[in-house]
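Before any comments, here is the structure.
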Amino acid sequence: MSDRAMIVVGSPRANGVSARYAELLRKHIGQRFGGIATWKVSDNPVAGCIGCGACRTTYSCVIHDDAAAEFIDLLWAVDEVHVVCPVYFSGPPSQFKALMDRLQPVWEYRCGPNAKRHTPAGPLYLHVIGMGGDPHGFDPLVTTVKSAFGAAGWHLREVIDQVGWGQDGNSDEMLPTLPGDADEDGQGDDRD
């Protein structure tokens with residue numbers, strides 16, 4: 001059993017479909033963790049990276065907003081991350097992309113030319129939310145999340161396609177079988 005998990009809600013809408021899904025997810029996985037933190041883009045505005053390169057040697061950002069720093073601190077303190085994110089033109093919403101871009105100091109610390117630490121962090125699960133209908137799918141969202149969170153050592157273990165969830169009268173009470181759920185013999189998922 002992991003000690004702590006984090007649910008990251010990448011939607012700029014405070015009470016939208018992603019937020020509803022995240023609340024059910026929190027209840028669903030709650031028994032597996034000692035604590036679950038929820039971090040919502042809608043509650044934590046983050047300025048975008050300006051590409052100045054200062055973090056290459058300082059491992060910190062010259063933009064001093066509490067939200068990005070708090071997010072990074074929380075990211076280091078958990079054992080498992082679930083990202084719940086809507087699809088905007090095949091990718092993430094701009095507000096969530098700004099947060100992911102602000103992981104650049106973490107990349108510098110772990111992987112850059114002056115790296116100090118290169119250890120894996122843990123599993124990451126991406127829950128993709130959307131209305132559907134985009135002929136280009138959501139591969140850019142997957143790639144962006146995988147790359148940005150990979151900077152902090154998280155490895156994308158599974159993409160959970162929930163496009164259409166909560167739309168057009170679909171039940172908001174049901175979640176799919178998720179990693180760690182008990183299988184037919186009552187044992188949890190052993191994937192590492």
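Residues are named by chain letter and number: chains run A, B, ... in the order of the structure tokens, numbers start at 1 in each chain, and ligands are numbered from 1 in the order shown.
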
Which of range 7-69 of chain A DSSP labels strand (DSSP E), written as a PyMOL selection string
chain A and resi 7-9+35-40

Selection: 7 Å around range 139-145 of chain A, only C-alpha atoms, excl. self and same-chain fewer than 5 positions, as a PDB file with N, CA, C and O atoms, in the first residue's frame:
ATOM      1  N   VAL A  87      -9.409  16.882 -23.111  1.00  0.00           N
ATOM      2  CA  VAL A  87      -8.705  17.032 -24.380  1.00  0.00           C
ATOM      3  C   VAL A  87      -9.147  18.331 -25.027  1.00  0.00           C
ATOM      4  O   VAL A  87     -10.337  18.546 -25.234  1.00  0.00           O
ATOM      5  N   SER A  90      -6.844  17.897 -29.268  1.00  0.00           N
ATOM      6  CA  SER A  90      -5.933  16.748 -29.170  1.00  0.00           C
ATOM      7  C   SER A  90      -4.897  16.857 -28.055  1.00  0.00           C
ATOM      8  O   SER A  90      -4.166  15.912 -27.813  1.00  0.00           O
ATOM      9  N   GLY A  91      -4.798  17.996 -27.384  1.00  0.00           N
ATOM     10  CA  GLY A  91      -3.777  18.178 -26.353  1.00  0.00           C
ATOM     11  C   GLY A  91      -4.356  18.642 -25.037  1.00  0.00           C
ATOM     12  O   GLY A  91      -5.565  18.607 -24.822  1.00  0.00           O
ATOM     13  N   PRO A  92      -3.503  19.121 -24.141  1.00  0.00           N
ATOM     14  CA  PRO A  92      -3.969  19.609 -22.845  1.00  0.00           C
ATOM     15  C   PRO A  92      -4.475  21.043 -22.930  1.00  0.00           C
ATOM     16  O   PRO A  92      -4.080  21.788 -23.830  1.00  0.00           O
TER      17      PRO A  92
END

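The list of residues with at least one atom within 9 Å of Arg26 in chain A, based on only C-alpha atoms and without residues fewer than 5 positions apart in the same chain, reads A:Ile7, A:Tyr21, A:Ile36, A:Ala37, A:Thr38.
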
Convert the current residue selection to file output with C-alpha atoms, as a CSV table (one decimal), in the first residue's frame.
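See selection-v5.csv below for the written result:
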chain,number,residue,atom,x,y,z
A,7,ILE,CA,-4.9,13.5,-8.3
A,21,TYR,CA,-14.6,12.4,-12.4
A,36,ILE,CA,-4.8,11.6,-1.3
A,37,ALA,CA,-4.0,15.1,-2.3
A,38,THR,CA,-6.0,16.8,-5.1

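Close contacts of Arg102 in chain A, defined as residues with an atom at most 8 Å away when counting only C-alpha atoms, with chain neighbours fewer than 5 positions off set aside, comprise Gly48, Cys49, Cys61 and Ala68 of chain A.
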
Please write the residues from the selection above to a file, keeping N, CA and C atoms, as a PDB file, in the first residue's frame.
ATOM      1  N   GLY A  48       3.233  30.781 -17.283  1.00  0.00           N
ATOM      2  CA  GLY A  48       3.980  29.902 -18.175  1.00  0.00           C
ATOM      3  C   GLY A  48       5.478  30.128 -18.098  1.00  0.00           C
ATOM      4  N   CYS A  49       6.215  29.107 -18.465  1.00  0.00           N
ATOM      5  CA  CYS A  49       7.673  29.178 -18.537  1.00  0.00           C
ATOM      6  C   CYS A  49       8.072  30.219 -19.588  1.00  0.00           C
ATOM      7  N   CYS A  61      12.867  28.267 -10.348  1.00  0.00           N
ATOM      8  CA  CYS A  61      12.313  29.143 -11.371  1.00  0.00           C
ATOM      9  C   CYS A  61      12.408  30.603 -10.948  1.00  0.00           C
ATOM     10  N   ALA A  68       3.136  26.850  -8.584  1.00  0.00           N
ATOM     11  CA  ALA A  68       4.059  25.910  -9.233  1.00  0.00           C
ATOM     12  C   ALA A  68       5.000  25.291  -8.208  1.00  0.00           C
TER      13      ALA A  68
END

How far is it from CA of Val46 in chain A to CA of His28 in chain A, in Å with one decimal?
28.5 Å

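The nearest approach to Pro12 in chain A among the residues A:Trp76, A:Trp165, A:Phe96, A:Trp39, with only C-alpha atoms taken into account, belongs to A:Phe96.
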
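Across the model, the gap from CA of Glu108 in chain A to CA of Val62 in chain A is 13.8 Å.
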
Proximity of range 79-114 of chain A to range 146-150 of chain A: per-residue shortest pair, 7 Å limit, only C-alpha atoms, as JSON lines:
{"residue": "A:Met100", "atom": "CA", "partner": "A:Ala148", "partner_atom": "CA", "distance": 5.5}
{"residue": "A:Asp101", "atom": "CA", "partner": "A:Ala148", "partner_atom": "CA", "distance": 7.0}
{"residue": "A:Leu103", "atom": "CA", "partner": "A:Ala148", "partner_atom": "CA", "distance": 6.7}

CA of Gly122 in chain A to CA of Arg157 in chain A, distance in Å rounded to a single decimal
9.1 Å

Enumerate the residues of chain A with a DSSP assignment of alpha helix (DSSP H), computed from the backbone, and present them as a PyMOL selection string.
chain A and resi 17-29+55-58+66-76+94-101+104-110+139-150

Within 10 Å of range 2-6 of chain A, counting only C-alpha atoms, which residues qualify if same-chain residues fewer than 5 places away don't, as a ChimeraX atom specification?
/A:26,29-30,32-39,74-75,77-83,124

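Distances here use only C-alpha atoms; by that measure, the residue among A:Pro86, A:Gly137, A:Pro105, A:Gly132 closest to Arg20 in chain A is A:Pro86.
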
Which residue of A:Gly153, A:Ala121, A:Val17, A:Tyr88 approaches Gly133 in chain A most closely, using only C-alpha atoms:
A:Tyr88

Contacts of range 9-11 of chain A within 6 Å, only C-alpha atoms, excl. fewer than 6 positions in-chain, as an mmCIF file with all heavy atoms, in the first residue's frame:
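Written output follows (around22.cif):
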data_model
loop_
_atom_site.group_PDB
_atom_site.id
_atom_site.type_symbol
_atom_site.label_atom_id
_atom_site.label_comp_id
_atom_site.auth_asym_id
_atom_site.auth_seq_id
_atom_site.Cartn_x
_atom_site.Cartn_y
_atom_site.Cartn_z
ATOM 1 N N LYS A 40 -5.810 21.115 -8.344
ATOM 2 C CA LYS A 40 -6.611 21.515 -9.500
ATOM 3 C C LYS A 40 -6.015 22.741 -10.181
ATOM 4 O O LYS A 40 -5.736 23.746 -9.524
ATOM 5 C CB LYS A 40 -8.042 21.853 -9.066
ATOM 6 C CG LYS A 40 -8.823 20.682 -8.530
ATOM 7 C CD LYS A 40 -10.225 21.132 -8.151
ATOM 8 C CE LYS A 40 -11.059 19.980 -7.655
ATOM 9 N NZ LYS A 40 -12.429 20.434 -7.331
ATOM 10 N N VAL A 41 -5.862 22.648 -11.481
ATOM 11 C CA VAL A 41 -5.403 23.778 -12.266
ATOM 12 C C VAL A 41 -6.349 24.966 -12.073
ATOM 13 O O VAL A 41 -5.918 26.113 -11.983
ATOM 14 C CB VAL A 41 -5.293 23.387 -13.759
ATOM 15 C CG1 VAL A 41 -5.084 24.597 -14.638
ATOM 16 C CG2 VAL A 41 -4.166 22.381 -13.956
ATOM 17 N N VAL A 84 -6.099 13.681 -14.310
ATOM 18 C CA VAL A 84 -7.418 13.690 -14.942
ATOM 19 C C VAL A 84 -7.446 14.938 -15.814
ATOM 20 O O VAL A 84 -7.370 16.055 -15.300
ATOM 21 C CB VAL A 84 -8.549 13.732 -13.892
ATOM 22 C CG1 VAL A 84 -9.910 13.811 -14.575
ATOM 23 C CG2 VAL A 84 -8.466 12.529 -12.963
ATOM 24 N N CYS A 85 -7.523 14.744 -17.122
ATOM 25 C CA CYS A 85 -7.370 15.898 -18.006
ATOM 26 C C CYS A 85 -8.301 15.829 -19.206
ATOM 27 O O CYS A 85 -8.406 14.786 -19.852
ATOM 28 C CB CYS A 85 -5.918 15.962 -18.490
ATOM 29 S SG CYS A 85 -5.528 17.491 -19.375
ATOM 30 N N PHE A 96 -3.051 23.890 -18.044
ATOM 31 C CA PHE A 96 -2.339 22.701 -17.588
ATOM 32 C C PHE A 96 -0.978 22.600 -18.268
ATOM 33 O O PHE A 96 0.014 22.210 -17.659
ATOM 34 C CB PHE A 96 -3.188 21.454 -17.844
ATOM 35 C CG PHE A 96 -2.601 20.192 -17.277
ATOM 36 C CD1 PHE A 96 -2.062 20.157 -16.002
ATOM 37 C CD2 PHE A 96 -2.596 19.034 -18.019
ATOM 38 C CE1 PHE A 96 -1.530 18.984 -15.475
ATOM 39 C CE2 PHE A 96 -2.071 17.860 -17.511
ATOM 40 C CZ PHE A 96 -1.538 17.837 -16.233
#
